[in-house]
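> Here it is, the structure, as structure tokens.
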Amino acid sequence: MASRSSTASQGLPLATSDDFESPAPKKARKRSTSPKVAREVVPSEALEMNDSPVLVKASRRRAARSPTSPVSISPPVGWRETWEIIVELRKDRTAVVDSMGSESISGSAPEEERAYHVLVSLMLSSQTKDTVNFATMAKLRAHGLTPANILATDDETLDGLIRAVGFHNNKVKYLKQTAEILISRHGGRVPDTMDDLLSLPGVGPKMSLILLSVVYNKVEGISVDTHVHRISNQLGWVGVAGPTKTPEHTRKAIESWMPRQVWPEVNLLLVGLGQEIQTEKAKLLRKAVLCSRPHQAARLLARCGLDVPRVAKENGIELPWGWLASPVE
């Protein structure tokens, strides 16, 4: 995890007695050549779970939009073909995220409450399965999911409603603090800028980017969670320097070369693909062998961690002959 401390002072060292006794000029202090982003970036998930959100707001804002040390990566060879295969494998929209993720929740919420429902869903989603988050959101809606009602709900009652989600104690505080901020500073509405969203307790870049895209149709970046982070590294989309260490590093890497028109789709497609690789292996492999490019699709799944031969054997799936000789770059 990157350090949260600010960069060291760039001024001259303090004078000592030796300085006054020696007329020789001091050598210029050598500046560090390590990438600034490595010191400033704080993983969004860690920030979202921090017990003291006020202390990390500046670091979070730097991680989201640091203008220094820009990443420049050439588009990976064959990435377009890989992307088209992923789009084809995910066209049925049958992963858990498709029916229980934030986009699905946004479509079922009343128009006047949509933005707040999406925000709360995203705040609850960190370290929580989509199925659990979906059920918790249903409880909150039945209770009355508005900033005013959440603020009026006592902590014990609110904790009982969201107890199933990860870090529920922290999230009770974040929900109450966020409701107060929305009412006092934004007239009860969810803001539509990255800066304002990042100022809310428990809200990081990943959540902010999804909300801006889903609710306000603003595409300001690619939302990278653990699935997107892992798959992007497995496919070699983060550059030749090697694996990226945090989702924020991955976001900067893939945004540097990926065409902006596909940014809105990256999170949903790769999260769903990652979920199916983990929990619906046979279904996913069957889709691969039946798609327009079965050899390449099977190879792609292997690169993303699926044990293709074992899954095929256990489920009676016939693999295309010579699939290992058809790499997807």
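Every chain in the structure tokens takes a letter, A first, then B, and so on in the order presented; its residues are numbered from 1, and the ligands are numbered from 1 following the presented order.
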Show me, as JSON lines, the residues of region 168-273 of chain A having an atom within 12 Å of region 133-147 of chain A, each with the closest atom pair and its distance in Å, using only C-alpha atoms.

```
{"residue": "A:His168", "atom": "CA", "partner": "A:Thr136", "partner_atom": "CA", "distance": 11.0}
{"residue": "A:Tyr174", "atom": "CA", "partner": "A:Pro147", "partner_atom": "CA", "distance": 12.0}
{"residue": "A:Leu175", "atom": "CA", "partner": "A:Pro147", "partner_atom": "CA", "distance": 8.6}
{"residue": "A:Lys176", "atom": "CA", "partner": "A:Pro147", "partner_atom": "CA", "distance": 8.2}
{"residue": "A:Gln177", "atom": "CA", "partner": "A:Pro147", "partner_atom": "CA", "distance": 9.9}
{"residue": "A:Thr178", "atom": "CA", "partner": "A:Pro147", "partner_atom": "CA", "distance": 8.1}
{"residue": "A:Ala179", "atom": "CA", "partner": "A:Pro147", "partner_atom": "CA", "distance": 4.6}
{"residue": "A:Glu180", "atom": "CA", "partner": "A:Pro147", "partner_atom": "CA", "distance": 7.4}
{"residue": "A:Ile181", "atom": "CA", "partner": "A:Pro147", "partner_atom": "CA", "distance": 9.2}
{"residue": "A:Leu182", "atom": "CA", "partner": "A:Pro147", "partner_atom": "CA", "distance": 7.2}
{"residue": "A:Ile183", "atom": "CA", "partner": "A:Pro147", "partner_atom": "CA", "distance": 7.0}
{"residue": "A:Ser184", "atom": "CA", "partner": "A:Pro147", "partner_atom": "CA", "distance": 10.6}
{"residue": "A:His186", "atom": "CA", "partner": "A:Pro147", "partner_atom": "CA", "distance": 11.1}
{"residue": "A:Gly187", "atom": "CA", "partner": "A:Pro147", "partner_atom": "CA", "distance": 10.1}
{"residue": "A:Gly188", "atom": "CA", "partner": "A:Pro147", "partner_atom": "CA", "distance": 6.6}
{"residue": "A:Arg189", "atom": "CA", "partner": "A:Pro147", "partner_atom": "CA", "distance": 8.6}
{"residue": "A:Val190", "atom": "CA", "partner": "A:Pro147", "partner_atom": "CA", "distance": 9.6}
```
> Could you write out the selected residues, including N, CA, C and O atoms, as a PDB file, in the first residue's frame?

```pdb
ATOM      1  N   HIS A 168     -19.908  -3.069   8.451  1.00  0.00           N
ATOM      2  CA  HIS A 168     -21.183  -2.367   8.652  1.00  0.00           C
ATOM      3  C   HIS A 168     -21.084  -1.271   9.701  1.00  0.00           C
ATOM      4  O   HIS A 168     -21.781  -0.249   9.607  1.00  0.00           O
ATOM      5  N   TYR A 174     -20.564   6.391   8.004  1.00  0.00           N
ATOM      6  CA  TYR A 174     -20.440   7.038   6.697  1.00  0.00           C
ATOM      7  C   TYR A 174     -21.801   7.448   6.135  1.00  0.00           C
ATOM      8  O   TYR A 174     -21.950   8.533   5.567  1.00  0.00           O
ATOM      9  N   LEU A 175     -22.793   6.576   6.273  1.00  0.00           N
ATOM     10  CA  LEU A 175     -24.131   6.892   5.758  1.00  0.00           C
ATOM     11  C   LEU A 175     -24.733   8.093   6.482  1.00  0.00           C
ATOM     12  O   LEU A 175     -25.333   8.976   5.847  1.00  0.00           O
ATOM     13  N   LYS A 176     -24.573   8.140   7.798  1.00  0.00           N
ATOM     14  CA  LYS A 176     -25.121   9.267   8.562  1.00  0.00           C
ATOM     15  C   LYS A 176     -24.389  10.564   8.220  1.00  0.00           C
ATOM     16  O   LYS A 176     -25.017  11.617   8.009  1.00  0.00           O
ATOM     17  N   GLN A 177     -23.051  10.511   8.151  1.00  0.00           N
ATOM     18  CA  GLN A 177     -22.268  11.700   7.823  1.00  0.00           C
ATOM     19  C   GLN A 177     -22.572  12.192   6.414  1.00  0.00           C
ATOM     20  O   GLN A 177     -22.691  13.397   6.173  1.00  0.00           O
ATOM     21  N   THR A 178     -22.701  11.254   5.483  1.00  0.00           N
ATOM     22  CA  THR A 178     -22.996  11.627   4.093  1.00  0.00           C
ATOM     23  C   THR A 178     -24.373  12.256   3.984  1.00  0.00           C
ATOM     24  O   THR A 178     -24.561  13.258   3.270  1.00  0.00           O
ATOM     25  N   ALA A 179     -25.356  11.695   4.670  1.00  0.00           N
ATOM     26  CA  ALA A 179     -26.707  12.257   4.638  1.00  0.00           C
ATOM     27  C   ALA A 179     -26.705  13.691   5.153  1.00  0.00           C
ATOM     28  O   ALA A 179     -27.349  14.582   4.579  1.00  0.00           O
ATOM     29  N   GLU A 180     -25.954  13.937   6.224  1.00  0.00           N
ATOM     30  CA  GLU A 180     -25.868  15.295   6.776  1.00  0.00           C
ATOM     31  C   GLU A 180     -25.212  16.257   5.790  1.00  0.00           C
ATOM     32  O   GLU A 180     -25.673  17.400   5.613  1.00  0.00           O
ATOM     33  N   ILE A 181     -24.150  15.805   5.117  1.00  0.00           N
ATOM     34  CA  ILE A 181     -23.465  16.655   4.136  1.00  0.00           C
ATOM     35  C   ILE A 181     -24.378  16.962   2.951  1.00  0.00           C
ATOM     36  O   ILE A 181     -24.441  18.107   2.477  1.00  0.00           O
ATOM     37  N   LEU A 182     -25.091  15.964   2.472  1.00  0.00           N
ATOM     38  CA  LEU A 182     -25.980  16.172   1.329  1.00  0.00           C
ATOM     39  C   LEU A 182     -27.062  17.197   1.663  1.00  0.00           C
ATOM     40  O   LEU A 182     -27.414  18.054   0.836  1.00  0.00           O
ATOM     41  N   ILE A 183     -27.599  17.118   2.869  1.00  0.00           N
ATOM     42  CA  ILE A 183     -28.666  18.035   3.274  1.00  0.00           C
ATOM     43  C   ILE A 183     -28.118  19.437   3.507  1.00  0.00           C
ATOM     44  O   ILE A 183     -28.694  20.432   3.046  1.00  0.00           O
ATOM     45  N   SER A 184     -26.998  19.534   4.200  1.00  0.00           N
ATOM     46  CA  SER A 184     -26.482  20.850   4.589  1.00  0.00           C
ATOM     47  C   SER A 184     -25.768  21.580   3.463  1.00  0.00           C
ATOM     48  O   SER A 184     -25.786  22.819   3.409  1.00  0.00           O
ATOM     49  N   HIS A 186     -25.760  20.409  -0.143  1.00  0.00           N
ATOM     50  CA  HIS A 186     -26.216  20.161  -1.512  1.00  0.00           C
ATOM     51  C   HIS A 186     -27.737  20.109  -1.651  1.00  0.00           C
ATOM     52  O   HIS A 186     -28.240  19.600  -2.647  1.00  0.00           O
ATOM     53  N   GLY A 187     -28.434  20.628  -0.654  1.00  0.00           N
ATOM     54  CA  GLY A 187     -29.893  20.661  -0.742  1.00  0.00           C
ATOM     55  C   GLY A 187     -30.526  19.295  -0.815  1.00  0.00           C
ATOM     56  O   GLY A 187     -31.624  19.140  -1.382  1.00  0.00           O
ATOM     57  N   GLY A 188     -29.874  18.281  -0.269  1.00  0.00           N
ATOM     58  CA  GLY A 188     -30.418  16.933  -0.267  1.00  0.00           C
ATOM     59  C   GLY A 188     -30.139  16.135  -1.529  1.00  0.00           C
ATOM     60  O   GLY A 188     -30.530  14.970  -1.625  1.00  0.00           O
ATOM     61  N   ARG A 189     -29.451  16.750  -2.482  1.00  0.00           N
ATOM     62  CA  ARG A 189     -29.153  16.081  -3.746  1.00  0.00           C
ATOM     63  C   ARG A 189     -27.731  15.517  -3.751  1.00  0.00           C
ATOM     64  O   ARG A 189     -26.846  16.025  -3.077  1.00  0.00           O
ATOM     65  N   VAL A 190     -27.534  14.491  -4.546  1.00  0.00           N
ATOM     66  CA  VAL A 190     -26.206  13.910  -4.712  1.00  0.00           C
ATOM     67  C   VAL A 190     -25.443  14.758  -5.725  1.00  0.00           C
ATOM     68  O   VAL A 190     -25.939  15.006  -6.825  1.00  0.00           O
TER      69      VAL A 190
END
```
> Can you list, as a short mmCIF file (atom, residue, chain, number, x, y, z; two decimals) with C-alpha atoms, in the first residue's frame, every protein, DNA or RNA residue that comes within 12 Å of Pro75 (chain A) when you count only C-alpha atoms, leaving out same-chain residues fewer than 4 positions away?

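Everything below was put into around-v1.cif:
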```cif
data_model
loop_
_atom_site.label_atom_id
_atom_site.label_comp_id
_atom_site.auth_asym_id
_atom_site.auth_seq_id
_atom_site.Cartn_x
_atom_site.Cartn_y
_atom_site.Cartn_z
CA TRP A 79 -6.28 -5.81 -27.56
CA ARG A 80 -9.15 -4.99 -29.91
CA GLY A 236 -1.13 -7.52 -20.14
CA TRP A 237 -3.12 -4.32 -20.52
CA VAL A 238 -1.11 -2.38 -17.92
CA GLY A 239 2.16 -2.06 -19.84
CA VAL A 240 5.43 -3.92 -20.20
CA ALA A 253 -2.51 2.57 -17.08
CA ILE A 254 -5.55 1.46 -19.09
CA GLU A 255 -6.96 4.96 -19.42
CA SER A 256 -3.71 6.04 -21.07
CA TRP A 257 -4.37 3.92 -24.17
CA MET A 258 -7.94 2.61 -24.17
CA PRO A 259 -10.31 4.53 -26.49
CA GLU A 329 -2.44 -11.10 -27.02
#
```
> Please provide as a JSON list (two decimals) with N, CA and C atoms, in the first residue's frame all residues within 7 Å of region 280-284 of chain A, with the sequence filter that same-chain residues fewer than 3 positions apart are discarded (counting only C-alpha atoms).

```json
[["chain", "number", "residue", "atom", "x", "y", "z"],
["A", 276, "GLU", "N", -18.07, -14.63, -13.38],
["A", 276, "GLU", "CA", -18.34, -15.91, -14.03],
["A", 276, "GLU", "C", -17.13, -16.83, -13.98],
["A", 277, "ILE", "N", -15.93, -16.28, -14.08],
["A", 277, "ILE", "CA", -14.73, -17.09, -13.97],
["A", 277, "ILE", "C", -14.65, -17.74, -12.59],
["A", 287, "LYS", "N", -20.09, -20.89, -23.29],
["A", 287, "LYS", "CA", -20.26, -19.71, -24.14],
["A", 287, "LYS", "C", -19.03, -19.50, -25.01],
["A", 288, "ALA", "N", -17.87, -19.78, -24.46],
["A", 288, "ALA", "CA", -16.63, -19.58, -25.21],
["A", 288, "ALA", "C", -16.54, -20.52, -26.41],
["A", 311, "VAL", "N", -12.12, -27.85, -16.29],
["A", 311, "VAL", "CA", -13.54, -27.51, -16.35],
["A", 311, "VAL", "C", -14.21, -28.24, -17.51],
["A", 315, "ASN", "N", -17.20, -31.22, -16.95],
["A", 315, "ASN", "CA", -18.54, -30.87, -17.40],
["A", 315, "ASN", "C", -18.86, -31.38, -18.79]]
```
> Give me every helix (DSSP H, G or I) residue in region 116-187 of chain A, going by DSSP on the backbone, as number ranges by chain.
A: 116-125, 130-143, 147-152, 155-162, 168-186
> I want to know what sits within 7 Å of region 247-251 of chain A, based on only C-alpha atoms, with residues of the same chain fewer than 3 positions away left out; could you give that as a compact mmCIF listing (two decimals) with N, CA, C and O atoms, in the first residue's frame?

```
# COMPACT_ATOMS: atom_id res chain seq x y z
N PRO A 43 -4.82 3.12 -2.30
CA PRO A 43 -5.84 2.26 -2.90
C PRO A 43 -7.23 2.68 -2.45
O PRO A 43 -7.47 2.91 -1.26
N ALA A 63 -5.08 10.83 -5.55
CA ALA A 63 -5.10 9.53 -6.23
C ALA A 63 -6.06 9.55 -7.40
O ALA A 63 -5.85 8.89 -8.41
N ILE A 222 -12.29 5.27 -15.90
CA ILE A 222 -12.68 3.86 -15.84
C ILE A 222 -12.69 3.43 -14.38
O ILE A 222 -11.68 3.55 -13.68
N VAL A 224 -12.23 0.97 -11.59
CA VAL A 224 -11.45 -0.27 -11.48
C VAL A 224 -11.62 -0.89 -10.10
O VAL A 224 -11.22 -0.30 -9.10
N ASP A 225 -12.25 -2.05 -10.06
CA ASP A 225 -12.35 -2.80 -8.81
C ASP A 225 -11.37 -3.96 -8.87
O ASP A 225 -10.49 -4.01 -9.73
N THR A 226 -11.50 -4.92 -7.97
CA THR A 226 -10.54 -6.03 -7.94
C THR A 226 -10.61 -6.90 -9.19
O THR A 226 -9.59 -7.40 -9.66
N HIS A 229 -8.97 -4.88 -12.03
CA HIS A 229 -7.54 -4.82 -11.71
C HIS A 229 -6.85 -6.14 -12.06
O HIS A 229 -5.81 -6.15 -12.74
N VAL A 238 -1.63 -3.44 -18.79
CA VAL A 238 -1.11 -2.38 -17.92
C VAL A 238 0.30 -1.96 -18.28
O VAL A 238 0.94 -1.18 -17.56
N THR A 244 0.59 -3.96 -12.12
CA THR A 244 0.33 -2.79 -11.29
C THR A 244 -0.05 -3.25 -9.88
O THR A 244 -0.59 -4.34 -9.71
N ILE A 254 -4.64 1.79 -17.97
CA ILE A 254 -5.55 1.46 -19.09
C ILE A 254 -6.22 2.69 -19.68
O ILE A 254 -6.53 2.71 -20.88
N GLU A 255 -6.40 3.73 -18.86
CA GLU A 255 -6.96 4.96 -19.42
C GLU A 255 -5.99 5.63 -20.38
O GLU A 255 -6.42 6.39 -21.26
```
> For Leu124 (chain A), please output as an MDAnalysis selection string all residues within 8 Å (counting only C-alpha atoms; exclusion window: fewer than 3 positions along the same chain).
chainID A and resid 120:121 128 133 165:166 171
> Create the file for the chosen residues now, containing N, CA, C and O atoms and written as a PDB file, in the first residue's frame.

```pdb
ATOM      1  N   VAL A 120     -25.836   5.065  -2.127  1.00  0.00           N
ATOM      2  CA  VAL A 120     -25.870   4.179  -0.959  1.00  0.00           C
ATOM      3  C   VAL A 120     -25.476   2.758  -1.354  1.00  0.00           C
ATOM      4  O   VAL A 120     -24.709   2.093  -0.648  1.00  0.00           O
ATOM      5  N   SER A 121     -25.968   2.305  -2.490  1.00  0.00           N
ATOM      6  CA  SER A 121     -25.605   0.966  -2.962  1.00  0.00           C
ATOM      7  C   SER A 121     -24.101   0.832  -3.151  1.00  0.00           C
ATOM      8  O   SER A 121     -23.495  -0.176  -2.772  1.00  0.00           O
ATOM      9  N   THR A 128     -18.329  -6.433  -0.095  1.00  0.00           N
ATOM     10  CA  THR A 128     -19.640  -7.075   0.047  1.00  0.00           C
ATOM     11  C   THR A 128     -20.059  -7.693  -1.281  1.00  0.00           C
ATOM     12  O   THR A 128     -19.907  -7.070  -2.333  1.00  0.00           O
ATOM     13  N   ASN A 133     -25.535  -7.185  -1.002  1.00  0.00           N
ATOM     14  CA  ASN A 133     -25.804  -5.761  -1.166  1.00  0.00           C
ATOM     15  C   ASN A 133     -27.228  -5.536  -1.671  1.00  0.00           C
ATOM     16  O   ASN A 133     -27.929  -4.625  -1.204  1.00  0.00           O
ATOM     17  N   VAL A 165     -23.622  -6.479   5.455  1.00  0.00           N
ATOM     18  CA  VAL A 165     -22.553  -6.006   4.564  1.00  0.00           C
ATOM     19  C   VAL A 165     -21.231  -5.926   5.313  1.00  0.00           C
ATOM     20  O   VAL A 165     -21.196  -5.859   6.548  1.00  0.00           O
ATOM     21  N   GLY A 166     -20.145  -5.932   4.580  1.00  0.00           N
ATOM     22  CA  GLY A 166     -18.828  -5.832   5.188  1.00  0.00           C
ATOM     23  C   GLY A 166     -18.601  -4.480   5.837  1.00  0.00           C
ATOM     24  O   GLY A 166     -19.051  -3.454   5.325  1.00  0.00           O
ATOM     25  N   LYS A 171     -19.776   1.755   8.009  1.00  0.00           N
ATOM     26  CA  LYS A 171     -20.726   2.254   7.013  1.00  0.00           C
ATOM     27  C   LYS A 171     -21.919   2.953   7.644  1.00  0.00           C
ATOM     28  O   LYS A 171     -22.520   3.836   7.013  1.00  0.00           O
TER      29      LYS A 171
END
```
> Using only C-alpha atoms for the distances, tell me which of A:Val132, A:Val71, A:Val214, A:Ala164 is nearest to Tyr116 (chain A).
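Going through A:Val132, A:Val71, A:Val214, A:Ala164 one by one, the smallest distance to Tyr116 (chain A) is for A:Val214.
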> For Leu198 (chain A), work out the shell of residues within 7 Å, counting only C-alpha atoms and skipping chain neighbours fewer than 4 positions away, then give it as a ChimeraX atom specification.
/A:61,194,203-205,208
> Would you save the residues of that selection, restricted to N, CA, C and O atoms, as a tab-separated table (two decimals), in the first residue's frame?

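See out_29.tsv below for the written result:
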```tsv
chain	number	residue	atom	x	y	z
A	61	ARG	N	-8.10	12.60	-3.18
A	61	ARG	CA	-8.25	13.49	-4.33
A	61	ARG	C	-7.02	13.43	-5.22
A	61	ARG	O	-7.12	13.46	-6.44
A	194	MET	N	-16.68	15.12	-9.49
A	194	MET	CA	-15.75	14.21	-8.85
A	194	MET	C	-15.29	14.76	-7.50
A	194	MET	O	-15.24	14.03	-6.51
A	203	VAL	N	-16.42	7.34	0.33
A	203	VAL	CA	-16.59	7.31	-1.13
A	203	VAL	C	-15.24	7.54	-1.79
A	203	VAL	O	-14.59	8.56	-1.56
A	204	GLY	N	-14.81	6.58	-2.61
A	204	GLY	CA	-13.54	6.69	-3.31
A	204	GLY	C	-13.71	6.87	-4.81
A	204	GLY	O	-14.84	6.98	-5.31
A	205	PRO	N	-12.62	6.88	-5.56
A	205	PRO	CA	-12.68	7.09	-7.01
A	205	PRO	C	-13.53	6.06	-7.74
A	205	PRO	O	-14.28	6.40	-8.66
A	208	SER	N	-17.18	6.89	-7.23
A	208	SER	CA	-17.52	8.17	-7.85
A	208	SER	C	-17.65	8.05	-9.36
A	208	SER	O	-18.59	8.59	-9.97
```
> Please indicate the distance in Å from CA of Ala148 (chain A) to CA of Pro110 (chain A), rounded to one decimal place.
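Taking CA of Ala148 (chain A) and CA of Pro110 (chain A), their separation equals 16.2 Å.
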